[in-house]
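Asks: Handing you a structure now.
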Amino acid sequence: MLIGRFPSDRKPALKRVVSLVIMMVTAMLAASPAEAGATLDRVHATGQVVDILITEYPPFGFINPQNQMDGFDVDVAKAFAAKLGAKLKIETPAWETIISGHWAGRWDVAIASATPTAERAKMVNFPARYYKMPAVLLVHQDEKTIKSAADLSGKRVGVGNGSTYEAYLNQHFSIPGDKPMDYPFHDVVTMPGDETINARDLALGPGVRLNAVVTSLATARSSINSTKRLKIVGEPLFTESNAVITDKGDPEWDAEVKRVFAELKADGTLTGISQKWFGEDITKDAE
């Protein structure tokens, strides 16, 4: 802080300096990709919303026999775009790219079944939670020794790469607001991969490539139906909320995403999509 009075002949120069500083700050804010409202303005200007999806996470996101993106998250994304009066464009970057943030305007939103952990919240925002799903333990139908999570010590367990299931098995996972996680195992060998490959590897037989897989209940059921060789054992490991992801720095867009999802829930759209894919409403206790 400067203390004292400036000579009268220096006042014009001071005003010019202050004006220059204000102009520079204004220009920096205008050029920043984190300017509030920039995403919504872009959606309105282009008439499309760019959503990120995961391609190997059935039944939430997958490529169907017609070589098109399909699944629960795809239908939710379509409903979201429709509420905005925009066309939906889907892109499928790697999960690590999505969750690391700093999208630089390439994408608008990620409706991709993400768990809003404290660690992830350092990099991205989670403006709306839209469903809850338990995590379960999946084994080969001929498996005799693994009956619960307590039997996973020293075993090779398939998980989604960078997933909360991987964090759980590595014993550094927590859900904000929930009690501390129970880890009744040690020295688990996690085998990160995509969900479809994990199921195929497990279907080869007990211990051939994997001893078990930790995944969502819905994905486990999908894997059981597709392979006809797997089963769920034990009680659910934990239940997690899944949220929409946005990049940091645009609170107006976050507010709009939250508003649209509240409307999709209130008018029954989310319930209808859930009933279509799961035969039950997984969205009712999302908050």
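By order of appearance in the structure tokens: chains A, B, ..., then residues from 1 within every chain, and ligands from 1 in the order shown.
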Give me the residues within 12 Å of Pro134 (chain A) as a list of chain:residue names, counting only C-alpha atoms and dropping any in the same chain fewer than 3 places off.

Replies: A:Thr115, A:Tyr131, A:Leu137, A:Thr164, A:Tyr165, A:Val214, A:Thr215, A:Ser216, A:Leu217, A:Ala218, A:Thr219, A:Ala220, A:Arg221, A:Glu235, A:Pro236, A:Leu237, A:Phe238, A:Thr239, A:Glu240, A:Ser241, A:Asn242, A:Ile282

Asks: Take the residues just selected and output them with N, CA, C and O atoms as a short mmCIF file (atom, residue, chain, number, x, y, z; two decimals), in the first residue's frame.

Replies:
```cif
data_model
loop_
_atom_site.label_atom_id
_atom_site.label_comp_id
_atom_site.auth_asym_id
_atom_site.auth_seq_id
_atom_site.Cartn_x
_atom_site.Cartn_y
_atom_site.Cartn_z
N THR A 115 -18.16 -41.08 -10.31
CA THR A 115 -18.34 -40.92 -8.87
C THR A 115 -17.67 -39.63 -8.42
O THR A 115 -16.49 -39.42 -8.70
N TYR A 131 -27.83 -40.72 -10.54
CA TYR A 131 -28.24 -42.07 -10.14
C TYR A 131 -27.28 -42.63 -9.10
O TYR A 131 -26.18 -42.10 -8.90
N LEU A 137 -19.10 -57.84 -6.43
CA LEU A 137 -17.98 -58.73 -6.72
C LEU A 137 -18.45 -59.80 -7.70
O LEU A 137 -19.39 -60.56 -7.43
N THR A 164 -13.23 -45.94 -9.47
CA THR A 164 -13.35 -45.98 -8.02
C THR A 164 -13.16 -47.40 -7.51
O THR A 164 -12.74 -47.61 -6.36
N TYR A 165 -13.45 -48.39 -8.35
CA TYR A 165 -13.25 -49.78 -7.96
C TYR A 165 -11.76 -50.09 -7.79
O TYR A 165 -11.36 -50.82 -6.88
N VAL A 214 -14.37 -56.38 -9.86
CA VAL A 214 -15.22 -55.47 -9.09
C VAL A 214 -15.79 -54.45 -10.07
O VAL A 214 -15.03 -53.79 -10.80
N THR A 215 -17.11 -54.32 -10.08
CA THR A 215 -17.75 -53.41 -11.02
C THR A 215 -19.13 -53.03 -10.48
O THR A 215 -19.50 -53.42 -9.37
N SER A 216 -19.87 -52.25 -11.24
CA SER A 216 -21.22 -51.87 -10.82
C SER A 216 -22.17 -53.05 -10.97
O SER A 216 -21.94 -53.96 -11.78
N LEU A 217 -23.26 -53.02 -10.22
CA LEU A 217 -24.25 -54.08 -10.29
C LEU A 217 -24.81 -54.21 -11.70
O LEU A 217 -24.97 -55.32 -12.23
N ALA A 218 -25.11 -53.08 -12.34
CA ALA A 218 -25.69 -53.13 -13.68
C ALA A 218 -24.70 -53.71 -14.69
O ALA A 218 -25.09 -54.51 -15.56
N THR A 219 -23.44 -53.33 -14.60
CA THR A 219 -22.43 -53.86 -15.51
C THR A 219 -22.19 -55.34 -15.26
O THR A 219 -21.99 -56.12 -16.20
N ALA A 220 -22.21 -55.74 -13.99
CA ALA A 220 -22.06 -57.16 -13.65
C ALA A 220 -23.18 -57.98 -14.28
O ALA A 220 -22.95 -59.05 -14.86
N ARG A 221 -24.41 -57.48 -14.17
CA ARG A 221 -25.54 -58.19 -14.77
C ARG A 221 -25.40 -58.29 -16.28
O ARG A 221 -25.71 -59.33 -16.89
N GLU A 235 -22.28 -59.65 -0.47
CA GLU A 235 -23.09 -58.45 -0.39
C GLU A 235 -22.46 -57.33 -1.22
O GLU A 235 -21.25 -57.38 -1.52
N PRO A 236 -23.24 -56.30 -1.60
CA PRO A 236 -22.62 -55.15 -2.28
C PRO A 236 -21.47 -54.58 -1.46
O PRO A 236 -21.53 -54.52 -0.23
N LEU A 237 -20.42 -54.17 -2.13
CA LEU A 237 -19.22 -53.67 -1.45
C LEU A 237 -19.43 -52.26 -0.91
O LEU A 237 -18.96 -51.92 0.16
N PHE A 238 -20.12 -51.45 -1.69
CA PHE A 238 -20.50 -50.09 -1.30
C PHE A 238 -21.47 -49.57 -2.34
O PHE A 238 -21.64 -50.19 -3.40
N THR A 239 -22.13 -48.48 -2.03
CA THR A 239 -23.04 -47.84 -2.99
C THR A 239 -22.56 -46.42 -3.23
O THR A 239 -22.23 -45.70 -2.28
N GLU A 240 -22.48 -46.03 -4.49
CA GLU A 240 -21.95 -44.71 -4.83
C GLU A 240 -22.90 -43.94 -5.72
O GLU A 240 -23.62 -44.51 -6.53
N SER A 241 -22.91 -42.63 -5.53
CA SER A 241 -23.65 -41.75 -6.44
C SER A 241 -22.83 -41.53 -7.69
O SER A 241 -21.58 -41.60 -7.67
N ASN A 242 -23.50 -41.28 -8.79
CA ASN A 242 -22.83 -40.97 -10.04
C ASN A 242 -23.31 -39.60 -10.53
O ASN A 242 -24.50 -39.30 -10.46
N ILE A 282 -33.15 -46.27 -10.82
CA ILE A 282 -31.89 -46.09 -10.09
C ILE A 282 -31.62 -44.60 -9.84
O ILE A 282 -30.62 -44.25 -9.22
#
```

Asks: From a DSSP calculation on the backbone, collect every residue of region 36-182 of chain A in strand (DSSP E) and output the set as a PyMOL selection string.

Replies: chain A and resi 48-52+56-57+61-63+69-70+87-91+109-114+124-140+156-160

Asks: For Gly207 (chain A), which residue among A:Val157, A:Leu230, A:Ala243, A:Leu138 is the nearest when counting only C-alpha atoms?

Replies: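 Under the stated criterion, the closest residue is A:Val157.
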
Asks: For Arg209 (chain A), list every protein, DNA or RNA residue within 12 Å, evaluated using only C-alpha atoms, and leave out those in the same chain fewer than 2 positions away; present the list as a CSV table (one decimal) with all heavy atoms, in the first residue's frame.

Replies:
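Done, and the output landed in out.csv:
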```csv
chain,number,residue,atom,x,y,z
A,139,VAL,N,-17.5,-63.1,-10.1
A,139,VAL,CA,-16.5,-64.2,-10.3
A,139,VAL,C,-17.0,-65.2,-11.3
A,139,VAL,O,-18.2,-65.1,-11.8
A,139,VAL,CB,-16.3,-65.0,-8.9
A,139,VAL,CG1,-15.8,-64.1,-7.9
A,139,VAL,CG2,-17.6,-65.6,-8.5
A,140,HIS,N,-16.2,-66.2,-11.7
A,140,HIS,CA,-16.6,-67.2,-12.6
A,140,HIS,C,-17.6,-68.1,-11.9
A,140,HIS,O,-17.6,-68.3,-10.7
A,140,HIS,CB,-15.4,-68.0,-13.1
A,140,HIS,CG,-15.7,-68.9,-14.3
A,140,HIS,ND1,-16.2,-70.2,-14.1
A,140,HIS,CD2,-15.6,-68.7,-15.6
A,140,HIS,CE1,-16.3,-70.7,-15.3
A,140,HIS,NE2,-16.0,-69.9,-16.2
A,155,LYS,N,-5.3,-61.9,-4.6
A,155,LYS,CA,-5.9,-62.4,-5.9
A,155,LYS,C,-5.8,-61.3,-7.0
A,155,LYS,O,-5.6,-60.1,-6.7
A,155,LYS,CB,-7.4,-62.6,-5.7
A,155,LYS,CG,-7.7,-63.7,-4.7
A,155,LYS,CD,-7.2,-65.1,-5.1
A,155,LYS,CE,-7.8,-66.2,-4.3
A,155,LYS,NZ,-7.4,-66.2,-2.9
A,156,ARG,N,-5.9,-61.7,-8.2
A,156,ARG,CA,-5.9,-60.8,-9.4
A,156,ARG,C,-7.3,-60.4,-9.7
A,156,ARG,O,-8.2,-61.2,-10.0
A,156,ARG,CB,-5.3,-61.5,-10.6
A,156,ARG,CG,-3.8,-61.9,-10.4
A,156,ARG,CD,-3.2,-62.3,-11.7
A,156,ARG,NE,-3.9,-63.3,-12.4
A,156,ARG,CZ,-3.8,-64.6,-12.2
A,156,ARG,NH1,-3.0,-65.1,-11.3
A,156,ARG,NH2,-4.5,-65.5,-12.9
A,157,VAL,N,-7.6,-59.1,-9.6
A,157,VAL,CA,-9.0,-58.6,-9.7
A,157,VAL,C,-9.0,-57.6,-10.8
A,157,VAL,O,-8.3,-56.6,-10.8
A,157,VAL,CB,-9.5,-58.0,-8.4
A,157,VAL,CG1,-10.9,-57.6,-8.5
A,157,VAL,CG2,-9.3,-59.1,-7.2
A,158,GLY,N,-9.9,-57.7,-11.7
A,158,GLY,CA,-10.1,-56.8,-12.8
A,158,GLY,C,-10.9,-55.6,-12.4
A,158,GLY,O,-11.9,-55.8,-11.7
A,189,VAL,N,-4.0,-57.7,-6.2
A,189,VAL,CA,-3.3,-57.3,-7.5
A,189,VAL,C,-4.4,-56.8,-8.4
A,189,VAL,O,-5.2,-57.6,-9.0
A,189,VAL,CB,-2.6,-58.5,-8.1
A,189,VAL,CG1,-1.9,-58.1,-9.4
A,189,VAL,CG2,-1.6,-59.1,-7.2
A,190,THR,N,-4.5,-55.5,-8.6
A,190,THR,CA,-5.5,-54.9,-9.5
A,190,THR,C,-5.0,-55.0,-10.9
A,190,THR,O,-3.8,-54.8,-11.2
A,190,THR,CB,-5.7,-53.5,-9.1
A,190,THR,OG1,-4.5,-52.7,-9.2
A,190,THR,CG2,-6.3,-53.3,-7.7
A,191,MET,N,-5.9,-55.4,-11.8
A,191,MET,CA,-5.7,-55.6,-13.2
A,191,MET,C,-6.6,-54.6,-14.0
A,191,MET,O,-7.7,-54.9,-14.4
A,191,MET,CB,-6.0,-57.0,-13.6
A,191,MET,CG,-5.2,-58.1,-12.8
A,191,MET,SD,-3.5,-58.1,-13.1
A,191,MET,CE,-3.4,-58.9,-14.7
A,197,ILE,N,-13.4,-56.3,-21.6
A,197,ILE,CA,-12.3,-57.2,-21.6
A,197,ILE,C,-12.2,-57.9,-20.3
A,197,ILE,O,-11.9,-59.1,-20.2
A,197,ILE,CB,-11.0,-56.4,-22.0
A,197,ILE,CG1,-11.0,-55.9,-23.4
A,197,ILE,CG2,-9.8,-57.3,-21.7
A,197,ILE,CD1,-9.9,-55.1,-23.8
A,198,ASN,N,-12.4,-57.2,-19.2
A,198,ASN,CA,-12.4,-57.8,-17.9
A,198,ASN,C,-13.4,-59.0,-17.8
A,198,ASN,O,-13.0,-60.1,-17.3
A,198,ASN,CB,-12.7,-56.8,-16.8
A,198,ASN,CG,-11.6,-55.8,-16.5
A,198,ASN,OD1,-10.5,-56.0,-16.9
A,198,ASN,ND2,-12.0,-54.7,-15.9
A,199,ALA,N,-14.6,-58.8,-18.3
A,199,ALA,CA,-15.6,-59.9,-18.3
A,199,ALA,C,-15.1,-61.0,-19.1
A,199,ALA,O,-15.3,-62.2,-18.7
A,199,ALA,CB,-16.9,-59.3,-18.8
A,200,ARG,N,-14.6,-60.8,-20.3
A,200,ARG,CA,-14.1,-61.9,-21.2
A,200,ARG,C,-13.0,-62.6,-20.5
A,200,ARG,O,-13.0,-63.9,-20.6
A,200,ARG,CB,-13.7,-61.3,-22.5
A,200,ARG,CG,-14.8,-60.7,-23.4
A,200,ARG,CD,-14.3,-60.0,-24.6
A,200,ARG,NE,-15.3,-59.4,-25.4
A,200,ARG,CZ,-15.1,-58.6,-26.4
A,200,ARG,NH1,-13.9,-58.2,-26.7
A,200,ARG,NH2,-16.2,-58.1,-27.1
A,201,ASP,N,-12.1,-61.9,-19.9
A,201,ASP,CA,-11.0,-62.6,-19.2
A,201,ASP,C,-11.4,-63.5,-18.1
A,201,ASP,O,-11.0,-64.6,-17.9
A,201,ASP,CB,-9.9,-61.6,-18.7
A,201,ASP,CG,-9.1,-61.0,-19.8
A,201,ASP,OD1,-9.2,-61.5,-21.0
A,201,ASP,OD2,-8.4,-60.0,-19.6
A,202,LEU,N,-12.4,-62.9,-17.3
A,202,LEU,CA,-12.9,-63.7,-16.2
A,202,LEU,C,-13.7,-64.9,-16.7
A,202,LEU,O,-13.6,-66.0,-16.0
A,202,LEU,CB,-13.8,-62.8,-15.3
A,202,LEU,CG,-14.3,-63.4,-14.0
A,202,LEU,CD1,-13.2,-63.7,-13.1
A,202,LEU,CD2,-15.3,-62.4,-13.3
A,203,ALA,N,-14.3,-64.8,-17.8
A,203,ALA,CA,-15.1,-65.9,-18.3
A,203,ALA,C,-14.3,-67.1,-18.8
A,203,ALA,O,-14.8,-68.2,-19.0
A,203,ALA,CB,-16.0,-65.4,-19.5
A,204,LEU,N,-13.0,-66.9,-18.9
A,204,LEU,CA,-12.1,-68.0,-19.3
A,204,LEU,C,-12.0,-69.1,-18.3
A,204,LEU,O,-11.6,-70.2,-18.6
A,204,LEU,CB,-10.7,-67.4,-19.7
A,204,LEU,CG,-10.6,-66.5,-20.9
A,204,LEU,CD1,-9.2,-65.9,-21.0
A,204,LEU,CD2,-11.0,-67.2,-22.1
A,205,GLY,N,-12.3,-68.7,-17.0
A,205,GLY,CA,-12.2,-69.7,-16.0
A,205,GLY,C,-11.6,-69.1,-14.7
A,205,GLY,O,-10.9,-68.1,-14.8
A,206,PRO,N,-11.8,-69.7,-13.5
A,206,PRO,CA,-11.3,-69.2,-12.3
A,206,PRO,C,-9.8,-69.2,-12.3
A,206,PRO,O,-9.1,-70.2,-12.4
A,206,PRO,CB,-11.8,-70.2,-11.2
A,206,PRO,CG,-13.0,-70.9,-11.9
A,206,PRO,CD,-12.7,-70.9,-13.3
A,207,GLY,N,-9.2,-68.0,-12.2
A,207,GLY,CA,-7.8,-67.8,-12.1
A,207,GLY,C,-7.0,-67.9,-13.4
A,207,GLY,O,-5.8,-67.8,-13.4
A,211,ASN,N,-9.1,-63.6,-11.1
A,211,ASN,CA,-9.9,-64.4,-10.1
A,211,ASN,C,-11.2,-63.8,-9.8
A,211,ASN,O,-12.2,-64.5,-9.4
A,211,ASN,CB,-9.1,-64.4,-8.7
A,211,ASN,CG,-7.7,-65.0,-8.9
A,211,ASN,OD1,-6.7,-64.3,-8.9
A,211,ASN,ND2,-7.7,-66.3,-9.0
A,212,ALA,N,-11.4,-62.5,-10.1
A,212,ALA,CA,-12.6,-61.8,-9.8
A,212,ALA,C,-12.6,-60.4,-10.6
A,212,ALA,O,-11.6,-60.0,-11.1
A,212,ALA,CB,-12.9,-61.6,-8.3
A,213,VAL,N,-13.8,-59.8,-10.6
A,213,VAL,CA,-13.9,-58.4,-11.1
A,213,VAL,C,-14.8,-57.6,-10.1
A,213,VAL,O,-15.7,-58.1,-9.6
A,213,VAL,CB,-14.6,-58.4,-12.5
A,213,VAL,CG1,-15.0,-57.0,-12.9
A,213,VAL,CG2,-13.6,-59.0,-13.6
```

Asks: Counting only C-alpha atoms, figure out which residue out of A:Lys265, A:Lys276, A:Asp250, A:Pro58 gets nearest to Gly37 (chain A).

Replies: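 Closest to Gly37 (chain A), using only C-alpha atoms: A:Asp250.
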
Asks: Ranking A:Val43, A:His186, A:Tyr130, A:Ala110 by minimum distance to Asp281 (chain A) and counting only C-alpha atoms, which one comes first?

Replies: A:Tyr130

Asks: DSSP says alpha helix (DSSP H) for which residues of region 96-136 of chain A? Put them as a compact mmCIF listing (two decimals) with C-alpha atoms, in the first residue's frame?

Replies:
```txt
# COMPACT_ATOMS: atom_id res chain seq x y z
CA GLU A 96 -7.91 -40.08 -17.71
CA THR A 97 -8.32 -37.13 -20.08
CA ILE A 98 -11.90 -36.56 -18.96
CA ILE A 99 -11.28 -36.63 -15.24
```

Asks: Calculated over only C-alpha atoms, which of the candidates A:Asp151, A:Asp142, A:Asp51, A:Asp182 has the smallest distance to Lys87 (chain A)?

Replies: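 Of the candidates, the smallest distance to Lys87 (chain A) is held by A:Asp51.
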
Asks: Can you tell me how far CA of Gly193 (chain A) sits from CA of Tyr57 (chain A), in Å to one decimal?

Replies: 10.9 Å
